[in-house]
file work.csv (CSV, C-alpha atoms)
chain,number,residue,atom,x,y,z
G,285,MET,CA,-19.1,0.3,7.3
G,286,SER,CA,-19.9,-3.4,7.2
G,287,GLU,CA,-17.4,-5.8,5.7
G,288,MET,CA,-19.8,-6.6,2.8
G,289,ASN,CA,-20.2,-3.0,1.8
G,290,PHE,CA,-16.5,-2.4,2.1
G,291,ASP,CA,-15.7,-5.3,-0.2
G,292,ARG,CA,-18.3,-4.2,-2.7
G,293,MET,CA,-16.9,-0.6,-2.6
G,294,VAL,CA,-13.3,-1.9,-3.2
G,295,GLY,CA,-14.6,-4.2,-6.0
G,296,GLN,CA,-16.1,-1.1,-7.7
G,297,MET,CA,-12.9,1.0,-7.4
G,298,THR,CA,-11.5,2.3,-10.7
G,299,PRO,CA,-7.7,2.4,-11.3
G,300,ALA,CA,-8.0,6.2,-11.0
G,301,MET,CA,-9.5,5.9,-7.6
G,302,TYR,CA,-6.8,3.4,-6.6
G,303,GLU,CA,-4.1,5.9,-7.6
G,304,SER,CA,-5.9,8.7,-5.9
G,305,PHE,CA,-6.1,6.7,-2.6
G,306,LYS,CA,-2.4,5.8,-2.9
G,307,GLN,CA,-1.5,9.5,-3.3
G,308,ALA,CA,-3.7,10.5,-0.5
G,309,ILE,CA,-2.0,8.0,1.8
G,310,GLN,CA,1.4,9.2,0.7
G,311,LEU,CA,0.7,12.9,1.2
G,312,ARG,CA,-1.8,12.5,4.1
G,313,LYS,CA,-4.1,14.8,2.1
G,314,TRP,CA,-7.0,14.5,-0.3
G,315,PRO,CA,-6.5,15.9,-3.8
G,316,ASP,CA,-8.4,19.1,-2.7
G,317,GLY,CA,-5.8,19.7,0.1
G,318,ARG,CA,-7.8,18.6,3.1
G,319,ARG,CA,-5.9,16.5,5.6
G,320,LEU,CA,-6.8,12.8,6.1
G,321,THR,CA,-7.8,11.8,9.6
G,322,GLY,CA,-6.2,8.8,11.1
G,323,GLU,CA,-9.4,6.8,10.4
G,324,GLN,CA,-9.5,7.9,6.8
G,325,THR,CA,-5.8,7.0,6.3
G,326,GLU,CA,-6.5,3.5,7.8
G,327,LEU,CA,-9.5,2.9,5.6
G,328,CYS,CA,-7.7,4.1,2.4
G,329,LEU,CA,-4.8,1.8,3.2
G,330,GLU,CA,-7.1,-1.1,3.7
G,331,ALA,CA,-8.9,-0.4,0.4
G,332,VAL,CA,-5.7,-0.1,-1.5
G,333,ILE,CA,-4.3,-3.3,-0.1
G,334,LYS,CA,-7.6,-5.2,-0.8
G,335,TYR,CA,-7.7,-3.6,-4.4
G,336,GLU,CA,-4.1,-4.9,-5.0
G,337,GLN,CA,-5.1,-8.4,-3.9
G,338,ILE,CA,-8.3,-8.5,-6.0
G,339,HIS,CA,-6.6,-7.1,-9.1
G,340,ASP,CA,-3.4,-9.1,-8.8
G,341,VAL,CA,-1.1,-6.1,-8.7
G,342,PRO,CA,2.5,-7.4,-9.1
G,343,ALA,CA,4.2,-7.6,-5.7
G,344,ASP,CA,6.9,-5.0,-6.6
G,345,GLN,CA,4.2,-2.4,-7.4
G,346,ARG,CA,2.2,-2.9,-4.2
G,347,VAL,CA,2.0,-0.5,-1.3
G,348,GLY,CA,4.8,-1.2,1.3
G,349,TYR,CA,6.9,-3.3,-1.1
G,350,LEU,CA,10.5,-3.6,0.0
G,351,GLU,CA,13.0,-4.9,-2.5
G,352,ARG,CA,15.2,-7.7,-1.1
G,353,ASN,CA,18.6,-7.6,-2.6
G,354,GLU,CA,21.1,-10.4,-2.8
G,355,CYS,CA,24.6,-10.2,-1.5
G,356,SER,CA,27.3,-9.3,-4.1
G,357,SER,CA,28.3,-13.0,-4.2
G,358,GLY,CA,24.9,-13.8,-5.5
G,359,ASP,CA,23.8,-15.7,-2.4
G,360,PRO,CA,20.6,-14.6,-0.7
G,361,ALA,CA,21.4,-12.2,2.2
G,362,THR,CA,21.1,-13.7,5.6
G,363,SER,CA,18.1,-12.7,7.6
G,364,GLU,CA,20.3,-10.4,9.8
G,365,GLU,CA,21.8,-8.7,6.7
G,366,ALA,CA,18.4,-8.4,5.1
G,367,ALA,CA,16.8,-6.8,8.1
G,368,VAL,CA,15.2,-3.4,7.7
G,369,LYS,CA,16.9,-0.8,9.9
G,370,TRP,CA,14.8,2.2,11.0
G,371,ILE,CA,16.6,5.5,11.3
G,372,ASN,CA,14.9,8.5,12.9

call {"tool": "encode", "arguments": {"input": "work.csv", "output": "structure tokens"}}
result
Amino acid sequence: MSEMNFDRMVGQMTPAMYESFKQAIQLRKWPDGRRLTGEQTELCLEAVIKYEQIHDVPADQRVGYLERNECSSGDPATSEEAAVKWIN
């Protein structure tokens, strides 16, 4: 899909389509139960991110948002304390 067609498609997405894409990404399935391929997941994620940019979705409601907490003293956490730790 060319960049121009992709941008136009995202510009025409409805809020319902946006929510459906987000759910499909989360579940790795389409609403009818079919599994998303890796390419479909990637395209859906790109569309959702672009939709959020175009429609000024608040940062705390965007896909991938991580809340940054402050230390109990009220001072912003140091970069080491604020680092995301992955646990398998």

call {"tool": "residues_near_point", "arguments": {"input": "work.csv", "point": "(-5.2, 14.0, 2.6)", "cutoff": "12 Å", "atoms": "only C-alpha atoms", "output": "count of residues only"}}
result
24

call {"tool": "residues_around", "arguments": {"input": "work.csv", "residues": "Tyr335 in chain G", "least_positions_apart": "6", "cutoff": "10 Å", "atoms": "all atoms listed in the file", "output": "PyMOL selection string"}}
result
chain G and resi 291+293-299+302+329+341+346

call {"tool": "closest_residue", "arguments": {"input": "work.csv", "among": "G:Val332, G:Val368, G:Arg352, G:Val347", "to": "Ala300 in chain G", "atoms": "all atoms listed in the file"}}
result
G:Val332

call {"tool": "atom_distance", "arguments": {"input": "work.csv", "atom1": "CA of Gln337 in chain G", "atom2": "CA of Met301 in chain G"}}
result
15.4 Å

call {"tool": "atom_distance", "arguments": {"input": "work.csv", "atom1": "CA of Glu330 in chain G", "atom2": "CA of Trp370 in chain G"}}
result
23.3 Å

call {"tool": "atom_distance", "arguments": {"input": "work.csv", "atom1": "CA of Glu303 in chain G", "atom2": "CA of Ala343 in chain G"}}
result
16.0 Å

call {"tool": "closest_residue", "arguments": {"input": "work.csv", "among": "G:Leu327, G:Ile333, G:Ala367, G:Met288", "to": "Leu350 in chain G", "atoms": "only C-alpha atoms"}}
result
G:Ala367

call {"tool": "build_atoms", "arguments": {"input": "work.csv", "residues": "range 311-328 of chain G", "atoms": "N, CA and C atoms", "output": "mmCIF file, in the coordinates of the input"}}
result
data_model
loop_
_atom_site.group_PDB
_atom_site.id
_atom_site.type_symbol
_atom_site.label_atom_id
_atom_site.label_comp_id
_atom_site.auth_asym_id
_atom_site.auth_seq_id
_atom_site.Cartn_x
_atom_site.Cartn_y
_atom_site.Cartn_z
ATOM 1 N N LEU G 311 0.619 11.469 0.826
ATOM 2 C CA LEU G 311 0.700 12.900 1.200
ATOM 3 C C LEU G 311 -0.092 13.216 2.466
ATOM 4 N N ARG G 312 -0.916 12.260 2.913
ATOM 5 C CA ARG G 312 -1.800 12.500 4.100
ATOM 6 C C ARG G 312 -2.791 13.604 3.784
ATOM 7 N N LYS G 313 -3.129 13.784 2.489
ATOM 8 C CA LYS G 313 -4.100 14.800 2.100
ATOM 9 C C LYS G 313 -4.931 14.275 0.944
ATOM 10 N N TRP G 314 -6.173 14.773 0.890
ATOM 11 C CA TRP G 314 -7.000 14.500 -0.300
ATOM 12 C C TRP G 314 -6.558 15.384 -1.410
ATOM 13 N N PRO G 315 -6.944 15.059 -2.645
ATOM 14 C CA PRO G 315 -6.500 15.900 -3.800
ATOM 15 C C PRO G 315 -6.900 17.366 -3.645
ATOM 16 N N ASP G 316 -7.971 17.679 -2.878
ATOM 17 C CA ASP G 316 -8.400 19.100 -2.700
ATOM 18 C C ASP G 316 -7.587 19.782 -1.580
ATOM 19 N N GLY G 317 -6.633 19.065 -0.949
ATOM 20 C CA GLY G 317 -5.800 19.700 0.100
ATOM 21 C C GLY G 317 -6.195 19.414 1.505
ATOM 22 N N ARG G 318 -7.418 18.890 1.726
ATOM 23 C CA ARG G 318 -7.800 18.600 3.100
ATOM 24 C C ARG G 318 -7.024 17.440 3.656
ATOM 25 N N ARG G 319 -6.647 17.535 4.930
ATOM 26 C CA ARG G 319 -5.900 16.500 5.600
ATOM 27 C C ARG G 319 -6.705 15.265 5.868
ATOM 28 N N LEU G 320 -6.115 14.081 5.721
ATOM 29 C CA LEU G 320 -6.800 12.800 6.100
ATOM 30 C C LEU G 320 -6.744 12.674 7.596
ATOM 31 N N THR G 321 -7.826 12.187 8.154
ATOM 32 C CA THR G 321 -7.800 11.800 9.600
ATOM 33 C C THR G 321 -7.117 10.465 9.685
ATOM 34 N N GLY G 322 -6.805 10.071 10.887
ATOM 35 C CA GLY G 322 -6.200 8.800 11.100
ATOM 36 C C GLY G 322 -7.110 7.647 10.597
ATOM 37 N N GLU G 323 -8.399 7.781 10.853
ATOM 38 C CA GLU G 323 -9.400 6.800 10.400
ATOM 39 C C GLU G 323 -9.434 6.711 8.878
ATOM 40 N N GLN G 324 -9.418 7.869 8.225
ATOM 41 C CA GLN G 324 -9.500 7.900 6.800
ATOM 42 C C GLN G 324 -8.203 7.271 6.176
ATOM 43 N N THR G 325 -7.057 7.553 6.771
ATOM 44 C CA THR G 325 -5.800 7.000 6.300
ATOM 45 C C THR G 325 -5.859 5.450 6.410
ATOM 46 N N GLU G 326 -6.355 4.967 7.542
ATOM 47 C CA GLU G 326 -6.500 3.500 7.800
ATOM 48 C C GLU G 326 -7.405 2.877 6.754
ATOM 49 N N LEU G 327 -8.565 3.480 6.527
ATOM 50 C CA LEU G 327 -9.500 2.900 5.600
ATOM 51 C C LEU G 327 -8.986 2.953 4.141
ATOM 52 N N CYS G 328 -8.316 4.035 3.774
ATOM 53 C CA CYS G 328 -7.700 4.100 2.400
ATOM 54 C C CYS G 328 -6.672 3.043 2.246
#
